[in-house]
Amino acid sequence: MKTMIIDPGHGGVDPGARYKGYEEKTLNLNLALKVRDYLQNRYDVKILMTRSDNKTLSLEERSDYANRTSADFFLSIHHNAGGGRGFESYTFNGSVSSETLDYQKVIHDAFIKRLKKNYRTVIDRGQKRANFHVLRETKMPSLLVEVLFIDNDADLAVLTNPSFNNDAAAFLAEGVAAALSLPEKQSEASLYKVIAGSFKDKENAEKRLEFLKKNKFEGFIDSEVVNGTTFYRVQVGAFSERANAENLVDDLKRVNVEAFITGGESKEAPVPLPTEPAKEDGVTILGESLLYGAQLDEFVRSINPSAPLLGDDYIKFGSEYGIRGDIAFCQAIHETDFFRFTGQVRPSQNNFAGIGTTGPGVDGASFKTPEDGVLAHIQHLYAYASKEKAPSSYSVIDPRFSLVSRGSAKNWTDLNGKWAVPGTTYGQSILSVYGRNLKHALQQLEKQQKDIQGALDLLS
Ligand SMILES: [Zn+2]
């Protein structure tokens with residue numbers, strides 16, 4: 001396994017650049033930790049940190065530490081200041097290995113391309129060389145990135161966008177993964193796949209798929225070579241729990257298709273996660289919404305001004321089904337990336353919860369109107385959270401309602417590995433969006449409270 005070192009610049013008594021109360025050392029550390037987590041969750045790589053808290057470290061301590069390891073790569077993360085704007089990366093301006101320059105090119109290009117696509121004001125300052133200590137004194141290929149200027153207001157607006165840290169970490173990490181050719185963590189094997197037919201003749205597989213589609217089953221064709229013969233397998237689902245796969249096999253019997261289950265191996269090797277203290281009681285899916293529709297819409301539009309206004313629909317249908325519609329809305333934000341639809345689902349599908357997107361090439365369900373999309377989302381949650389019959393006020397339009405193992409998720413975190421696979425932090429991500437929404441609403445209320453007090457003062 002490859003090893004890399006992440007070096008968050010500055011720290012402790014050395015704040016680095018400062019502007020309007022922001023300190024570079026903190027931005028560096030926050031981004032570095034996100035890059036570490038992103039890589040560790042998705043790739044087979046060992047990551048060492050020169051610092052993972054706010055401690056003081058000299059440049060020598062950083063390079064000495066690196067040189068005591070046999071790491072394959074050293075990445076120093078900084079934010080820029082001092083007149084200018086944009087992103088730049090540095091390698092040592094003396095003699096360096098060809099790998100060093102390759103890594104710079106791959107990481108720089110991968111990062112800036114994605115960053116500019118998502119944050120249009122960002123500028124590329126280019127791939128540079130300089131005589132920086134941590135580049136000169138480290139034995140392994142090393143790169144230093146300057147992620148935007150904290151003292152430039154246009155750059156600072158990007159840096160303080162609530163999505164930026166996650167996005168930038170993902171973009172940087174993907175660049176690193178590509179440069180170092182990091183192998184992806186194997187999670188596929190742990191899934192229970194439902195195979196509705198395996199054929200030597202591809203045409204027969206296509207006919208089967210066609211038949212299944214007519215009967216409202218989503219699937220795709222996968223090929224597998226057994227003893228030199230290629231088999232075309234029609235896969236209609238992949239689940240982390242065997243019971244869900246068995247339910248689907250039963251459903252297929254009703255249309256006279258004999259399906260079988262494969263996979264589910266290496267269940268004992270889950271994706272390692274930073275351990276969090278277990279909480280006694282989680283946040284339940286069933287319950288009353290705390291926020292109003294307008295507070296949901298206002299939050300989502302503070303990040304994506306062209307997001308559709310769905311807050312009221314989530315609250316309304318949520319209360320019909322006894323589901324916390326405000327948190328369901330945050331799940332939709334998580335699934336659709338603030339309704340920017342940067343994933344597999346297209347906006348025209350009105351599928352805000354990724355219903356039926358079970359694998360590559362499977363677009364999932366579509367709904368006629370955004371309102372229907374919200375209703376189906378709430379119904380899908382109801383299937384997970386309750387064993388009761390669905391309320392009769394609406395017909396069930398969630399095409400996968402009957403495929404859910406009923407009542408199998410009490411809390412949002414119980415959706416991990418069920419709604420999203422492997423999805424070991426799926427529920428936590430939803431609750432993290434919800435936390436941000438709550439904070440946003442609180443800030444608005446505090447502002448309103450001040451305004452009201454001001455108006456009252458004028459009257460008295
Ligand atoms: Zn710096």
# chains A, B, ... in the order shown; residues from 1 in each chain; ligands from 1
$ select_by_dssp --residues "region 215-254 of chain A" --states "strand (DSSP E)" --output "list in words"
Phe220, Ile221, Asp222, Ser223, Glu224, Val225, Val226, Thr229, Thr230, Phe231, Tyr232, Arg233, Val234, Gln235, Val236, Gly237, Ala238 and Phe239 of chain A
$ residues_near_ligand --ligand "ligand 1" --cutoff "6 Å" --atoms "only C-alpha atoms and all ligand atoms" --output "number ranges by chain"
A: 9, 16, 78-79
$ residues_around --residues "Gln331 (chain A)" --least-positions-apart "2" --cutoff "12 Å" --atoms "only C-alpha atoms" --output "MDAnalysis selection string"
chainID A and resid 285 296 300 314 324:329 333:339 351:354 374 377:378 381 412:413 415 419:420 426:435 437
$ write_last_selection --atoms "C-alpha atoms" --output "PDB file, in the first residue's frame"
ATOM      1  CA  ILE A 285     -37.044   9.497  10.677  1.00  0.00           C
ATOM      2  CA  LEU A 296     -35.693  25.179   4.035  1.00  0.00           C
ATOM      3  CA  VAL A 300     -30.912  25.891  -0.059  1.00  0.00           C
ATOM      4  CA  TYR A 314     -41.567  18.387   2.039  1.00  0.00           C
ATOM      5  CA  ARG A 324     -39.637  14.669   9.483  1.00  0.00           C
ATOM      6  CA  GLY A 325     -39.991  16.509   6.204  1.00  0.00           C
ATOM      7  CA  ASP A 326     -37.327  19.058   7.060  1.00  0.00           C
ATOM      8  CA  ILE A 327     -34.689  16.349   7.395  1.00  0.00           C
ATOM      9  CA  ALA A 328     -36.019  14.601   4.269  1.00  0.00           C
ATOM     10  CA  PHE A 329     -35.432  17.899   2.480  1.00  0.00           C
ATOM     11  CA  ILE A 333     -29.978  18.353  -0.711  1.00  0.00           C
ATOM     12  CA  HIS A 334     -27.404  15.672   0.004  1.00  0.00           C
ATOM     13  CA  GLU A 335     -28.567  13.447  -2.865  1.00  0.00           C
ATOM     14  CA  THR A 336     -28.797  16.228  -5.458  1.00  0.00           C
ATOM     15  CA  ASP A 337     -25.886  18.380  -4.273  1.00  0.00           C
ATOM     16  CA  PHE A 338     -28.145  21.316  -3.408  1.00  0.00           C
ATOM     17  CA  PHE A 339     -30.312  20.548  -6.440  1.00  0.00           C
ATOM     18  CA  ASN A 351     -36.128  12.105  -8.410  1.00  0.00           C
ATOM     19  CA  PHE A 352     -34.695  13.986  -5.438  1.00  0.00           C
ATOM     20  CA  ALA A 353     -33.714  10.960  -3.418  1.00  0.00           C
ATOM     21  CA  GLY A 354     -31.957   8.801  -5.989  1.00  0.00           C
ATOM     22  CA  VAL A 374     -41.303  14.805  -3.117  1.00  0.00           C
ATOM     23  CA  HIS A 377     -39.384  10.420  -1.565  1.00  0.00           C
ATOM     24  CA  ILE A 378     -41.521  10.694   1.590  1.00  0.00           C
ATOM     25  CA  LEU A 381     -38.784   6.990   3.763  1.00  0.00           C
ATOM     26  CA  TRP A 412     -31.529   8.453   9.764  1.00  0.00           C
ATOM     27  CA  THR A 413     -28.226   6.704  10.397  1.00  0.00           C
ATOM     28  CA  LEU A 415     -30.225   4.185   6.298  1.00  0.00           C
ATOM     29  CA  TRP A 419     -30.494   3.701   0.987  1.00  0.00           C
ATOM     30  CA  ALA A 420     -26.920   4.240  -0.083  1.00  0.00           C
ATOM     31  CA  TYR A 426     -24.884   8.328   4.687  1.00  0.00           C
ATOM     32  CA  GLY A 427     -27.201   9.244   7.573  1.00  0.00           C
ATOM     33  CA  GLN A 428     -24.484  11.306   9.221  1.00  0.00           C
ATOM     34  CA  SER A 429     -24.119  13.347   6.030  1.00  0.00           C
ATOM     35  CA  ILE A 430     -27.860  14.048   5.959  1.00  0.00           C
ATOM     36  CA  LEU A 431     -27.808  15.162   9.598  1.00  0.00           C
ATOM     37  CA  SER A 432     -24.798  17.352   8.917  1.00  0.00           C
ATOM     38  CA  VAL A 433     -26.750  19.193   6.194  1.00  0.00           C
ATOM     39  CA  TYR A 434     -29.675  19.429   8.626  1.00  0.00           C
ATOM     40  CA  GLY A 435     -27.364  20.989  11.234  1.00  0.00           C
ATOM     41  CA  ASN A 437     -29.918  24.300   7.830  1.00  0.00           C
TER      42      ASN A 437
END
$ residues_around --residues "region 137-149 of chain A" --least-positions-apart "5" --cutoff "6 Å" --atoms "only C-alpha atoms" --output "PDB file with C-alpha atoms, in the first residue's frame"
ATOM      1  CA  SER A  63      10.740  17.642   6.542  1.00  0.00           C
ATOM      2  CA  ASP A  72       5.679   7.937  -1.544  1.00  0.00           C
ATOM      3  CA  PHE A  73       4.421  11.488  -1.648  1.00  0.00           C
ATOM      4  CA  PHE A  74       4.378  14.690   0.410  1.00  0.00           C
ATOM      5  CA  LEU A  75       1.576  17.209  -0.030  1.00  0.00           C
ATOM      6  CA  SER A  76       1.710  20.567   1.717  1.00  0.00           C
ATOM      7  CA  ILE A  77      -1.558  22.507   1.858  1.00  0.00           C
ATOM      8  CA  HIS A  78      -1.579  26.300   2.096  1.00  0.00           C
ATOM      9  CA  HIS A  79      -3.803  29.241   1.317  1.00  0.00           C
ATOM     10  CA  ASN A  80      -2.339  32.286  -0.373  1.00  0.00           C
ATOM     11  CA  ALA A  81      -2.257  36.009   0.438  1.00  0.00           C
ATOM     12  CA  ARG A  85      -6.139  35.606  -6.638  1.00  0.00           C
ATOM     13  CA  GLY A  86      -6.535  32.017  -7.764  1.00  0.00           C
ATOM     14  CA  PHE A  87      -4.913  28.637  -7.356  1.00  0.00           C
ATOM     15  CA  GLU A  88      -1.272  27.682  -7.895  1.00  0.00           C
ATOM     16  CA  SER A  89       0.870  24.660  -7.162  1.00  0.00           C
ATOM     17  CA  TYR A  90       4.616  24.364  -6.542  1.00  0.00           C
ATOM     18  CA  THR A  91       7.387  21.843  -6.939  1.00  0.00           C
ATOM     19  CA  THR A 100       7.382  14.902  -9.056  1.00  0.00           C
ATOM     20  CA  ASP A 155     -11.561  34.202  -3.484  1.00  0.00           C
TER      21      ASP A 155
END
$ closest_residue --among "A:Ser302, A:Ser70, A:Asn131, A:Ser386" --to "Gly407 (chain A)" --atoms "only C-alpha atoms"
A:Ser386
$ residues_around --residues "Lys200 (chain A)" --least-positions-apart "2" --cutoff "10 Å" --atoms "only C-alpha atoms" --output "number ranges by chain"
A: 198, 202-205, 223-225, 229-233
$ write_last_selection --atoms "C-alpha atoms" --output "PDB file, in the first residue's frame"
ATOM      1  CA  SER A 198     -27.516 -15.369 -16.984  1.00  0.00           C
ATOM      2  CA  LYS A 202     -26.220 -11.367 -25.279  1.00  0.00           C
ATOM      3  CA  GLU A 203     -29.433 -10.984 -27.250  1.00  0.00           C
ATOM      4  CA  ASN A 204     -31.274 -13.213 -24.793  1.00  0.00           C
ATOM      5  CA  ALA A 205     -30.006 -11.076 -21.926  1.00  0.00           C
ATOM      6  CA  SER A 223     -20.733  -9.755 -18.275  1.00  0.00           C
ATOM      7  CA  GLU A 224     -18.719 -12.406 -16.482  1.00  0.00           C
ATOM      8  CA  VAL A 225     -16.249 -14.943 -17.842  1.00  0.00           C
ATOM      9  CA  THR A 229     -17.168 -18.633 -21.598  1.00  0.00           C
ATOM     10  CA  THR A 230     -18.715 -15.178 -21.364  1.00  0.00           C
ATOM     11  CA  PHE A 231     -22.051 -14.980 -19.575  1.00  0.00           C
ATOM     12  CA  TYR A 232     -24.316 -11.965 -19.838  1.00  0.00           C
ATOM     13  CA  ARG A 233     -26.008 -11.419 -16.511  1.00  0.00           C
TER      14      ARG A 233
END
$ select_by_dssp --residues "region 175-397 of chain A" --states "helix (DSSP H, G or I)" --output "MDAnalysis selection string"
chainID A and resid 175:179 188:190 202:214 242:253 293:303 311:321 325:336 347:349 370:385
$ residues_around --residues "region 45-55 of chain A" --least-positions-apart "6" --cutoff "7 Å" --atoms "only C-alpha atoms" --output "VMD selection string"
chain A and resid 1 to 8 11 to 12 29 36 62 182
$ residues_around --residues "region 247-250 of chain A" --least-positions-apart "2" --cutoff "10 Å" --atoms "only C-alpha atoms" --output "list in words"
Val194, Ile195, Ala196, Phe217, Val236, Gly237, Ala238, Phe239, Arg242, Ala243, Asn244, Ala245, Leu252, Lys253, Arg254, Val255, Asn256, Val257, Glu258, Ala259, Phe260, Ile261, Arg400, Ser402, Leu403, Val404 and Ser405 of chain A
$ atom_distance --atom1 "CA of Ile221 (chain A)" --atom2 "CA of Ala365 (chain A)"
18.0 Å
